[in-house]
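With compact mmCIF, C-alpha atoms and all ligand atoms inside, this is entry-v1.txt:
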# COMPACT_ATOMS: atom_id res chain seq x y z
CA MET A 923 95.69 177.82 9.80
CA ASP A 924 93.02 176.73 7.41
CA PRO A 925 89.84 178.63 8.36
CA ILE A 926 87.78 175.89 6.77
CA THR A 927 88.74 173.41 9.49
CA ASN A 928 88.41 175.96 12.31
CA PRO A 929 86.38 174.04 14.92
CA PHE A 930 85.22 176.96 17.06
CA ALA A 931 81.64 178.16 16.99
CA PRO A 932 80.90 181.61 18.44
CA GLY A 933 77.22 182.45 18.08
CA ALA A 934 73.89 182.53 19.87
CA GLY A 935 72.78 178.96 20.51
CA THR A 936 75.51 177.53 18.25
CA PRO A 937 76.65 174.18 19.68
CA PRO A 938 80.33 174.28 20.71
CA PRO A 939 82.78 171.64 19.46
CA GLU A 940 83.19 170.59 23.11
CA LEU A 941 80.50 171.28 25.72
CA ALA A 942 82.94 171.64 28.59
CA GLY A 943 82.20 171.64 32.30
CA ARG A 944 78.49 170.86 32.22
CA ASP A 945 78.42 167.12 32.94
CA ASP A 946 77.13 167.53 36.50
CA LEU A 947 74.18 169.64 35.39
CA ARG A 948 73.34 167.25 32.59
CA GLU A 949 73.40 164.36 35.03
CA ALA A 950 71.21 166.22 37.55
CA VAL A 951 68.61 166.85 34.85
CA ARG A 952 68.81 163.27 33.60
CA VAL A 953 68.07 162.00 37.12
CA ALA A 954 65.24 164.51 37.62
CA LEU A 955 63.54 163.54 34.36
CA GLU A 956 63.85 159.84 35.03
CA ARG A 957 62.22 160.39 38.42
CA VAL A 958 59.41 162.35 36.82
CA ARG A 959 58.80 159.54 34.36
CA ARG A 960 58.49 157.11 37.30
CA GLY A 961 56.08 159.39 39.17
CA LEU A 962 58.58 160.21 41.93
CA PRO A 963 58.68 163.67 43.54
CA THR A 964 61.10 165.98 41.76
CA LYS A 965 61.75 169.67 41.38
CA SER A 966 61.71 171.34 37.99
CA MET A 967 65.05 172.80 36.95
CA LEU A 968 65.60 176.35 35.83
CA LEU A 969 69.06 177.22 34.56
CA VAL A 970 69.94 180.82 35.31
CA GLY A 971 72.92 182.75 34.06
CA LEU A 972 74.25 185.78 32.25
CA ARG A 973 74.27 186.28 28.48
CA GLY A 974 76.56 183.99 26.53
CA VAL A 975 77.32 181.48 29.29
CA GLY A 976 75.79 178.62 27.31
CA LYS A 977 72.25 178.23 28.64
CA THR A 978 70.70 177.61 25.23
CA VAL A 979 73.22 175.03 24.04
CA LEU A 980 73.02 173.26 27.39
CA LEU A 981 69.23 173.19 27.25
CA ASP A 982 69.36 171.76 23.74
CA ARG A 983 71.86 169.11 24.81
CA MET A 984 69.66 168.14 27.77
CA ARG A 985 66.77 167.84 25.40
CA ASP A 986 68.76 165.53 23.11
CA ASP A 987 69.69 163.46 26.18
CA ALA A 988 66.01 163.20 27.15
CA GLU A 989 64.85 162.24 23.67
CA ALA A 990 67.54 159.58 23.50
CA ALA A 991 66.12 158.14 26.73
CA GLY A 992 62.65 157.90 25.20
CA ILE A 993 61.19 160.97 26.88
CA HIS A 994 58.91 163.24 24.87
CA THR A 995 59.96 166.87 24.71
CA MET A 996 58.79 170.26 23.53
CA ARG A 997 61.13 173.14 22.73
CA ILE A 998 60.02 176.73 23.15
CA GLU A 999 61.89 180.01 23.08
CA ALA A 1000 59.97 182.87 24.65
CA PRO A 1001 60.58 186.05 22.69
CA GLU A 1002 59.59 189.43 24.12
CA ASN A 1003 55.93 190.26 23.59
CA ARG A 1004 54.49 186.86 22.70
CA SER A 1005 51.93 185.18 24.91
CA LEU A 1006 52.75 181.89 26.56
CA PRO A 1007 49.53 180.22 25.30
CA SER A 1008 50.46 181.10 21.72
CA LEU A 1009 53.86 179.47 22.20
CA LEU A 1010 52.56 176.41 24.00
CA ALA A 1011 49.57 175.50 21.84
CA PRO A 1012 51.30 174.42 18.59
CA GLN A 1013 54.04 172.57 20.47
CA LEU A 1014 51.53 170.77 22.67
CA ARG A 1015 49.58 169.74 19.61
CA GLN A 1016 52.67 168.20 18.04
CA ALA A 1017 53.54 166.40 21.26
CA LEU A 1018 50.00 165.06 21.64
CA LEU A 1019 49.86 163.82 18.07
CA ARG A 1020 53.10 161.96 18.69
CA LEU A 1021 51.91 160.54 22.02
CA SER A 1022 48.64 159.42 20.42
CA ARG A 1023 50.56 157.04 18.17
CA ASN A 1024 51.03 154.90 21.24
CA GLN A 1025 48.11 152.43 21.30
CA GLN A 1026 47.77 152.54 25.10
CA ALA A 1027 47.61 156.32 25.11
CA LYS A 1028 45.47 156.83 22.02
CA ASP A 1029 42.14 157.58 23.74
CA LEU A 1030 43.63 159.90 26.33
CA GLY A 1031 45.66 161.55 23.60
CA GLN A 1032 42.51 162.36 21.69
CA ARG A 1033 40.86 163.67 24.85
CA SER A 1034 43.89 165.92 25.37
CA LEU A 1035 43.57 167.20 21.83
CA ARG A 1036 39.94 168.05 22.65
CA ALA A 1037 41.13 169.82 25.77
CA LEU A 1038 43.59 171.75 23.63
CA ALA A 1039 40.80 172.72 21.24
CA GLY A 1040 38.69 174.02 24.13
CA PHE A 1041 41.70 175.82 25.61
CA VAL A 1042 42.50 177.60 22.38
CA LYS A 1043 38.91 178.51 21.60
CA ALA A 1044 38.29 179.95 25.05
CA LEU A 1045 41.52 181.95 25.17
CA LYS A 1046 41.62 183.16 21.59
CA LEU A 1047 39.85 186.40 22.49
CA LYS A 1048 42.39 187.31 25.13
CA TYR A 1049 45.50 186.06 23.33
CA HIS A 1050 45.08 187.06 19.71
CA ASP A 1051 48.41 185.60 18.74
CA ILE A 1052 47.35 181.96 19.22
CA GLU A 1053 47.52 180.16 15.91
CA VAL A 1054 47.21 176.41 15.77
CA GLY A 1055 45.49 173.73 13.72
CA LEU A 1056 42.89 171.80 15.70
CA ASP A 1057 42.27 168.13 15.11
CA PHE A 1058 39.15 167.53 17.25
CA GLU A 1059 36.10 169.39 18.50
CA PRO A 1060 36.31 170.68 22.09
CA GLU A 1061 34.66 168.71 24.88
CA PRO A 1062 32.37 171.17 26.67
CA GLY A 1063 33.63 171.95 30.15
CA LEU A 1064 37.15 170.66 29.51
CA ALA A 1065 39.83 173.37 29.83
CA ASP A 1066 37.51 175.94 28.24
CA ASN A 1067 36.68 178.42 31.02
CA GLY A 1068 38.61 181.23 29.41
CA ASP A 1069 40.76 181.65 32.52
CA LEU A 1070 44.39 180.80 31.78
CA GLU A 1071 45.34 179.58 35.23
CA HIS A 1072 42.38 177.22 35.44
CA ASP A 1073 42.46 176.00 31.87
CA LEU A 1074 46.18 175.38 31.67
CA GLN A 1075 45.94 173.26 34.79
CA ALA A 1076 43.12 171.17 33.31
CA LEU A 1077 45.00 170.86 30.04
CA PHE A 1078 48.24 169.75 31.70
CA GLU A 1079 46.34 167.17 33.73
CA THR A 1080 44.93 165.42 30.67
CA VAL A 1081 48.29 165.72 28.93
CA GLY A 1082 50.01 164.24 31.98
CA ALA A 1083 47.56 161.35 32.09
CA THR A 1084 48.31 160.71 28.41
CA ALA A 1085 52.07 160.66 28.94
CA GLN A 1086 51.62 158.38 31.94
CA LYS A 1087 49.59 155.91 29.88
CA ALA A 1088 52.32 155.95 27.23
CA ARG A 1089 54.84 155.20 30.02
CA THR A 1090 56.88 158.24 29.21
CA ALA A 1091 57.17 161.82 30.41
CA LEU A 1092 56.52 165.07 28.63
CA VAL A 1093 59.13 167.71 29.29
CA LEU A 1094 58.81 171.37 28.35
CA PHE A 1095 62.14 172.98 27.49
CA ILE A 1096 61.61 176.73 27.61
CA ASP A 1097 64.41 179.19 26.87
CA GLU A 1098 64.42 182.93 27.75
CA LEU A 1099 61.76 182.28 30.38
CA GLN A 1100 62.35 185.70 31.94
CA TYR A 1101 60.44 187.26 29.04
CA VAL A 1102 57.16 185.49 29.94
CA GLU A 1103 54.63 187.83 31.61
CA GLU A 1104 54.19 187.32 35.34
CA ASP A 1105 50.52 186.25 35.23
CA GLU A 1106 51.35 183.71 32.52
CA LEU A 1107 54.29 182.44 34.57
CA ALA A 1108 51.90 182.10 37.51
CA ALA A 1109 49.57 179.94 35.42
CA LEU A 1110 52.48 177.79 34.27
CA ILE A 1111 53.69 177.31 37.84
CA THR A 1112 50.20 176.34 39.04
CA ALA A 1113 49.76 173.83 36.24
CA LEU A 1114 53.16 172.24 36.92
CA HIS A 1115 52.44 172.21 40.64
CA ARG A 1116 49.19 170.37 40.02
CA CYS A 1117 50.97 167.75 37.92
CA ALA A 1118 53.63 167.34 40.62
CA GLN A 1119 50.97 166.83 43.30
CA ARG A 1120 49.25 164.20 41.21
CA ARG A 1121 52.58 162.62 40.23
CA LEU A 1122 51.81 163.12 36.59
CA PRO A 1123 54.90 162.98 34.35
CA VAL A 1124 54.96 166.56 33.07
CA THR A 1125 57.77 168.89 33.98
CA LEU A 1126 59.74 171.92 32.92
CA VAL A 1127 63.41 172.48 32.23
CA GLY A 1128 63.84 176.19 31.70
CA ALA A 1129 66.57 178.73 31.16
CA GLY A 1130 66.78 182.45 31.62
CA LEU A 1131 68.63 185.48 32.90
CA PRO A 1132 69.25 185.78 36.65
CA GLN A 1133 66.14 187.94 37.13
CA LEU A 1134 64.09 184.79 36.43
CA ARG A 1135 64.40 183.62 39.99
CA GLY A 1136 62.79 186.74 41.45
CA ARG A 1137 60.13 186.77 38.75
CA MET A 1138 59.10 183.21 39.57
CA GLY A 1139 58.91 184.07 43.26
CA ARG A 1140 56.75 187.13 42.59
CA ALA A 1141 54.47 185.16 40.26
CA LYS A 1142 53.88 182.47 42.94
CA SER A 1143 55.39 182.70 46.38
CA TYR A 1144 55.80 178.91 46.62
CA ALA A 1145 57.80 178.76 43.37
CA GLU A 1146 61.09 178.75 45.29
CA ARG A 1147 60.15 175.38 46.75
CA LEU A 1148 58.96 173.87 43.48
CA PHE A 1149 62.01 174.70 41.41
CA GLU A 1150 65.72 174.39 41.56
CA PHE A 1151 67.73 177.24 40.08
CA PRO A 1152 71.15 175.87 39.19
CA GLU A 1153 73.52 178.61 38.07
CA VAL A 1154 75.23 178.40 34.73
CA GLY A 1155 78.30 180.60 34.78
CA ALA A 1156 81.81 181.07 33.48
CA LEU A 1157 83.78 177.83 33.23
CA PRO A 1158 86.38 177.06 35.89
CA PRO A 1159 89.95 177.11 34.45
CA ILE A 1160 90.18 173.33 33.99
CA ALA A 1161 86.99 173.21 31.92
CA ALA A 1162 87.91 176.39 30.03
CA ARG A 1163 91.21 174.80 28.98
CA ILE A 1164 89.38 171.71 27.75
CA ALA A 1165 86.91 173.86 25.78
CA ILE A 1166 89.88 175.09 23.73
CA SER A 1167 92.45 172.30 23.82
CA LYS A 1168 90.21 169.36 22.97
CA PRO A 1169 88.74 170.72 19.70
CA VAL A 1170 92.24 171.84 18.68
CA ARG A 1171 93.72 168.43 19.39
CA GLU A 1172 90.93 166.70 17.49
CA GLN A 1173 92.10 168.58 14.41
CA ARG A 1174 95.65 167.32 15.08
CA VAL A 1175 96.83 170.80 15.95
CA ARG A 1176 98.74 171.81 19.09
CA ILE A 1177 98.52 174.89 21.25
CA ASP A 1178 101.35 176.13 23.51
CA ARG A 1179 100.66 176.04 27.22
CA ASP A 1180 101.16 179.78 27.73
CA ALA A 1181 98.93 180.50 24.73
CA LEU A 1182 96.17 178.39 26.27
CA GLU A 1183 96.55 180.10 29.66
CA ARG A 1184 96.36 183.47 27.99
CA ILE A 1185 93.01 182.58 26.39
CA VAL A 1186 91.65 181.38 29.72
CA THR A 1187 92.61 184.63 31.49
CA GLU A 1188 91.48 186.96 28.73
CA THR A 1189 88.06 185.31 28.45
CA LYS A 1190 87.65 184.80 32.21
CA GLY A 1191 86.23 181.41 31.20
CA TYR A 1192 83.07 182.83 29.61
CA PRO A 1193 81.91 180.34 26.98
CA TYR A 1194 81.00 182.83 24.25
CA PHE A 1195 84.37 184.54 24.61
CA LEU A 1196 86.20 181.20 24.62
CA GLN A 1197 84.67 180.37 21.25
CA GLU A 1198 85.54 183.80 19.86
CA TRP A 1199 89.17 183.67 21.11
CA GLY A 1200 89.56 180.08 19.96
CA LYS A 1201 88.35 180.97 16.50
CA HIS A 1202 90.59 184.02 16.15
CA ALA A 1203 93.67 182.33 17.60
CA TRP A 1204 93.23 179.49 15.09
CA ASP A 1205 92.92 181.92 12.20
CA ALA A 1206 95.89 183.98 13.40
CA ALA A 1207 98.28 181.00 13.54
CA ASP A 1208 100.25 180.18 10.39
CA SER A 1209 100.85 176.61 11.47
CA SER A 1210 100.73 174.31 14.49
CA PRO A 1211 101.37 175.00 17.35
CA ILE A 1212 99.22 178.05 18.16
CA THR A 1213 101.54 180.39 20.06
CA ILE A 1214 101.16 183.22 22.54
CA ASP A 1215 101.81 185.73 19.75
CA ASP A 1216 98.90 184.27 17.81
CA VAL A 1217 96.70 184.72 20.89
CA LYS A 1218 97.92 188.29 21.36
CA SER A 1219 96.85 189.25 17.87
CA ALA A 1220 93.68 187.20 18.26
CA SER A 1221 92.73 189.28 21.29
CA ILE A 1222 92.46 192.38 19.13
CA SER A 1223 90.35 190.78 16.42
CA ALA A 1224 88.23 188.80 18.92
CA ILE A 1225 87.29 191.96 20.83
CA ALA A 1226 86.48 193.72 17.57
CA ALA A 1227 84.26 190.80 16.54
CA LEU A 1228 82.49 190.80 19.92
CA ASP A 1229 81.92 194.53 19.72
CA GLU A 1230 80.30 194.08 16.31
CA SER A 1231 78.05 191.19 17.30
CA PHE A 1232 77.64 189.98 20.86
CA PHE A 1233 77.77 193.42 22.49
CA ARG A 1234 76.40 195.41 19.58
CA VAL A 1235 73.04 193.60 19.34
CA ARG A 1236 72.38 194.54 22.96
CA PHE A 1237 73.58 198.12 22.63
CA ASP A 1238 71.43 198.77 19.56
CA ARG A 1239 68.25 198.00 21.51
CA LEU A 1240 68.82 200.88 23.92
CA THR A 1241 67.41 204.40 23.88
CA PRO A 1242 69.93 207.25 24.26
CA ALA A 1243 68.90 207.75 27.91
CA GLU A 1244 69.34 204.03 28.63
CA LYS A 1245 72.80 204.09 27.03
CA LYS A 1246 73.71 206.94 29.34
CA TYR A 1247 72.47 205.00 32.37
CA LEU A 1248 74.57 201.96 31.46
CA ARG A 1249 77.57 204.16 30.70
CA ALA A 1250 77.22 205.67 34.17
CA MET A 1251 77.22 202.14 35.61
CA ALA A 1252 80.32 201.30 33.58
CA GLU A 1253 82.04 204.38 34.99
CA LEU A 1254 81.79 202.68 38.40
CA GLY A 1255 83.42 199.43 37.17
CA PRO A 1256 82.15 195.88 36.54
CA GLY A 1257 79.58 196.01 39.39
CA PRO A 1258 77.20 195.28 40.98
CA HIS A 1259 76.52 198.88 41.94
CA ARG A 1260 74.17 200.62 44.35
CA SER A 1261 71.37 202.41 42.52
CA GLY A 1262 72.25 205.49 44.56
CA ASP A 1263 75.80 205.52 43.18
CA VAL A 1264 74.56 205.28 39.60
CA ALA A 1265 72.11 208.12 40.24
CA GLU A 1266 74.93 210.18 41.68
CA GLN A 1267 76.97 209.71 38.49
CA LEU A 1268 74.01 211.00 36.53
CA GLU A 1269 73.29 213.79 39.02
CA ARG A 1270 69.71 212.57 39.34
CA LYS A 1271 67.48 211.26 42.13
CA VAL A 1272 67.26 207.46 42.54
CA THR A 1273 63.46 207.63 42.44
CA ALA A 1274 63.52 209.57 39.17
CA LEU A 1275 65.61 206.82 37.57
CA GLY A 1276 63.43 203.99 38.90
CA PRO A 1277 61.27 203.57 35.78
CA MET A 1278 64.30 203.46 33.48
CA ARG A 1279 66.00 200.92 35.69
CA ASN A 1280 62.85 198.75 35.56
CA LYS A 1281 62.72 199.03 31.79
CA LEU A 1282 66.36 197.96 31.53
CA ILE A 1283 65.60 194.96 33.74
CA SER A 1284 62.61 193.94 31.62
CA LYS A 1285 64.73 194.33 28.47
CA GLY A 1286 67.18 191.90 30.06
CA MET A 1287 70.11 194.34 30.14
CA ILE A 1288 70.57 194.51 33.91
CA TRP A 1289 69.35 192.67 36.99
CA SER A 1290 69.24 193.15 40.68
CA PRO A 1291 71.34 190.64 42.67
CA ASN A 1292 70.12 192.24 45.92
CA HIS A 1293 67.67 194.94 46.82
CA GLY A 1294 68.99 198.25 45.54
CA ASP A 1295 71.88 196.66 43.62
CA THR A 1296 72.23 196.72 39.86
CA ALA A 1297 74.46 194.50 37.71
CA PHE A 1298 74.95 193.91 33.98
CA THR A 1299 73.48 190.71 32.50
CA VAL A 1300 76.18 190.72 29.82
CA PRO A 1301 79.67 189.73 31.04
CA LEU A 1302 82.37 192.38 30.52
CA PHE A 1303 79.75 194.88 29.36
CA ASP A 1304 81.34 197.67 31.41
CA ALA A 1305 84.52 197.52 29.33
CA PHE A 1306 82.45 197.54 26.14
CA MET A 1307 80.56 200.66 27.29
CA HIS A 1308 83.91 202.39 27.81
CA ARG A 1309 85.01 201.43 24.29
CA ILE A 1310 81.80 202.49 22.57
CA MET A 1311 81.25 205.69 24.59
CA PRO A 1312 84.80 206.77 25.48
CA GLY A 1313 85.88 209.78 27.49
CA HIS A 1314 83.59 212.20 29.28
CA ARG A 1315 81.29 213.43 26.52
CA TRP A 1316 78.55 210.97 27.55
CA ARG A 1317 77.83 213.16 30.57
CA GLU A 1318 76.67 216.04 28.41
N1 LIG A 1401 80.14 174.51 27.97
C1 LIG A 1401 80.61 175.17 26.91
N2 LIG A 1401 81.87 175.00 26.48
C2 LIG A 1401 82.34 175.68 25.41
N3 LIG A 1401 81.61 176.55 24.70
C3 LIG A 1401 80.36 176.78 25.07
C4 LIG A 1401 79.78 176.11 26.20
N4 LIG A 1401 78.53 176.53 26.36
C5 LIG A 1401 78.30 177.43 25.39
N5 LIG A 1401 79.38 177.59 24.60
C6 LIG A 1401 79.47 178.53 23.46
O1 LIG A 1401 79.12 179.81 23.96
C7 LIG A 1401 78.31 180.53 23.05
C8 LIG A 1401 77.03 180.99 23.71
O2 LIG A 1401 76.19 179.90 24.02
P1 LIG A 1401 74.60 180.11 24.21
O3 LIG A 1401 74.03 180.86 23.05
O4 LIG A 1401 74.02 178.80 24.56
O5 LIG A 1401 74.59 181.07 25.51
P2 LIG A 1401 73.32 181.65 26.27
O6 LIG A 1401 73.60 181.56 27.72
O7 LIG A 1401 72.08 180.99 25.77
O8 LIG A 1401 73.34 183.18 25.82
P3 LIG A 1401 72.11 184.22 25.72
O9 LIG A 1401 71.74 184.55 27.13
O10 LIG A 1401 72.70 185.39 24.99
O11 LIG A 1401 71.00 183.54 24.98
C9 LIG A 1401 78.13 179.62 21.84
O12 LIG A 1401 79.06 180.02 20.86
C10 LIG A 1401 78.46 178.23 22.37
O13 LIG A 1401 79.02 177.42 21.36
MG MG A 1402 70.40 181.70 24.87

Here is the file; what I need is its structure written in the form of structure tokens.
Amino acid sequence: MDPITNPFAPGAGTPPPELAGRDDLREAVRVALERVRRGLPTKSMLLVGLRGVGKTVLLDRMRDDAEAAGIHTMRIEAPENRSLPSLLAPQLRQALLRLSRNQQAKDLGQRSLRALAGFVKALKLKYHDIEVGLDFEPEPGLADNGDLEHDLQALFETVGATAQKARTALVLFIDELQYVEEDELAALITALHRCAQRRLPVTLVGAGLPQLRGRMGRAKSYAERLFEFPEVGALPPIAARIAISKPVREQRVRIDRDALERIVTETKGYPYFLQEWGKHAWDAADSSPITIDDVKSASISAIAALDESFFRVRFDRLTPAEKKYLRAMAELGPGPHRSGDVAEQLERKVTALGPMRNKLISKGMIWSPNHGDTAFTVPLFDAFMHRIMPGHRWRE
């Protein structure tokens, strides 16, 4: 069929033609944010899930929902090796300039911009990567101690008071939160906690890999009580069918029932894979309806496309020794696996492999569902490792 009208959208953070199966989560966040705006007790939400399950597009949709309801938002993606203050400062400035347009909130808005100036000035030495234009002189003693935990708290308090005056809420949407350093996470948690205690309308909606939950707990032991960690996972069959059938139907094309079922089973309902299979099945079909034979040939080209993009970008970030570790895991199947079993495959001691395992966790390649267990953060990665490093030569 005409590739120009192909509705499917495989890609990192690319909005799907149909955001299937996420209505309950969107509603839960809508309710939480509305409560925050009204000063009612609420937990911040952190979406956790594997690679390619749709955390980023869901976060973006939630943000659109919030903006449509008149809530002010900030959008941050935490890359590896950037400090949280450097990510927050420019976004906060923008948000404060916008809030200051509200007559009621103007004075507090300016005070917050002074707090931001003090914050940046005091922390610039420690976090060299902060770069932001400042609109006002600092107010001595306001958020300018040079201690992140203290200053962020003071900053968030004035920001919260500003949002409250403007009768709105300010919501931080932060993606890839697992990459934020633990002491910076701790400061963020403290600042949010302070706002929650004072019923100030500032909150966080975050997203990250499953290791985020443990990281938050290690950063602040009370984090588990402050946050909810809804899981974003593969779509159940009903939603997976809709993810494919609805966009197809909207283009006035049909898909055979067995062809649709085949896509659902092959992808196991993983959103990224659904988009890839949908795209390739569409392109493989000569005309409507899309048949099972189209899906069969799509499976080959979809896997090849995934190997070249989705899987490949992860694989290319690994050292040879790390590749070998993951290949050893793959040898044992999809997982999770005991660290001892992986070590046995490699004929090494568990303790000797500890540092590499930690590095792979911090790179976001694996995580630990339970103490001593190791699992891939990328769905179906074990099969990919078999394809890219076939046979037994990897052991050499
Ligand atoms: N609910 C959904 N229904 C259908 N397709 C979806 C859904 N959610 C996400 N997708 C598609 O899945 C792909 C991956 O989405 P996204 O980049 O948001 O995942 P992610 O969890 O942020 O991945 P990563 O951890 O790699 O950043 C995109 O092509 C997107 O269009
Ligand atoms: Mg993402």

Could you report the residues within 10 Å of ligand MG 1402 (chain A), using only C-alpha atoms and all ligand atoms, as number ranges by chain?
A: 933-936, 971-981, 999, 1097-1098, 1129-1131

Which residue, A:Lys1201, A:Gln1026, A:Gln1267, A:Leu1070, has the smallest gap to Leu1047 in chain A when you use only C-alpha atoms?
A:Leu1070

Which residue is closest to Gln1013 in chain A? Choose from A:Leu1092, A:Ala950, A:Ala991, A:Leu1302 and count only C-alpha atoms.
A:Leu1092

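Candidate residues A:His1072, A:Arg1004, A:Arg1174, A:His1293 were compared for distance to Ile1052 in chain A, and the nearest is A:Arg1004, using all atoms listed in the file.
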
Which value, in Å to one decimal, gives the distance between CA of Ile1283 in chain A and CA of Pro1132 in chain A?
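Answer for the CA of Ile1283 in chain A to CA of Pro1132 in chain A separation: 10.3 Å.
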
Using Å and a single decimal, report how far CA of Thr995 in chain A sits from CA of Arg1089 in chain A.
13.8 Å

Which polymer residues have any atom within 9 Å of an atom of Asn1003 in chain A, counting all atoms listed in the file, with same-chain residues fewer than 4 positions away left out, as a ChimeraX atom specification?
/A:1101-1103

Resulting file, chosen residues, C-alpha atoms, as a PDB file, keeping the file's coordinate frame:
ATOM      1  CA  TYR A1101      60.440 187.260  29.040  1.00  0.00           C
ATOM      2  CA  VAL A1102      57.160 185.490  29.940  1.00  0.00           C
ATOM      3  CA  GLU A1103      54.630 187.830  31.610  1.00  0.00           C
TER       4      GLU A1103
END

When you count all atoms listed in the file, which of these residues is closest to ligand LIG 1401 (chain A): A:Gln1197, A:Ser1284, A:Asn1067, A:Thr1241?
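Of the candidates, the smallest distance to ligand LIG 1401 (chain A) is held by A:Gln1197.
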
Using all atoms listed in the file for the distances, tell me which of A:Met996, A:Val958, A:Ala1274, A:Val1217 is nearest to Thr1189 in chain A.
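Checking each candidate against Thr1189 in chain A, we get A:Val1217 as the closest.
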
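Take CA of Gln1086 in chain A and CA of Gly1055 in chain A: the distance between them is 24.6 Å.
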
Looking at all atoms listed in the file, which of A:Tyr1247, A:Phe1303, A:Trp1199, A:Phe1041 is the one that sits closest to Lys1281 in chain A?
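Of A:Tyr1247, A:Phe1303, A:Trp1199, A:Phe1041, the one nearest Lys1281 in chain A, counting all atoms listed in the file, is A:Tyr1247.
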
Return as lines of an AutoDock Vina configuration file the box centre and box size in Å, one decimal, for an axis-aligned box around all listed atoms of range 1160-1170 of chain A padded by 6 Å per side.
center_x = 89.7
center_y = 172.9
center_z = 26.3
size_x = 17.5
size_y = 19.0
size_z = 27.3

Show me, as a ChimeraX atom specification, the residues that have an atom within 8 Å of Ser1223 in chain A when counting all atoms listed in the file, minus same-chain residues fewer than 4 positions from it.
/A:1202,1219,1227

Excluding same-chain residues fewer than 6 positions from Ala1088 in chain A, what lies within 7 Å of it counting all atoms listed in the file, as a tab-separated table (two decimals) with C-alpha atoms, in the frame of the given file?
chain	number	residue	atom	x	y	z
A	1021	LEU	CA	51.91	160.54	22.02
A	1024	ASN	CA	51.03	154.90	21.24
A	1026	GLN	CA	47.77	152.54	25.10
A	1027	ALA	CA	47.61	156.32	25.11

Report as a CSV table (one decimal) with C-alpha atoms, keeping the file's coordinate frame all protein, DNA and RNA residues lying within 8 Å of Asp1205 in chain A, evaluated on only C-alpha atoms, omitting residues in the same chain fewer than 4 positions from it.
chain,number,residue,atom,x,y,z
A,923,MET,CA,95.7,177.8,9.8
A,924,ASP,CA,93.0,176.7,7.4
A,925,PRO,CA,89.8,178.6,8.4
A,928,ASN,CA,88.4,176.0,12.3
A,1201,LYS,CA,88.4,181.0,16.5
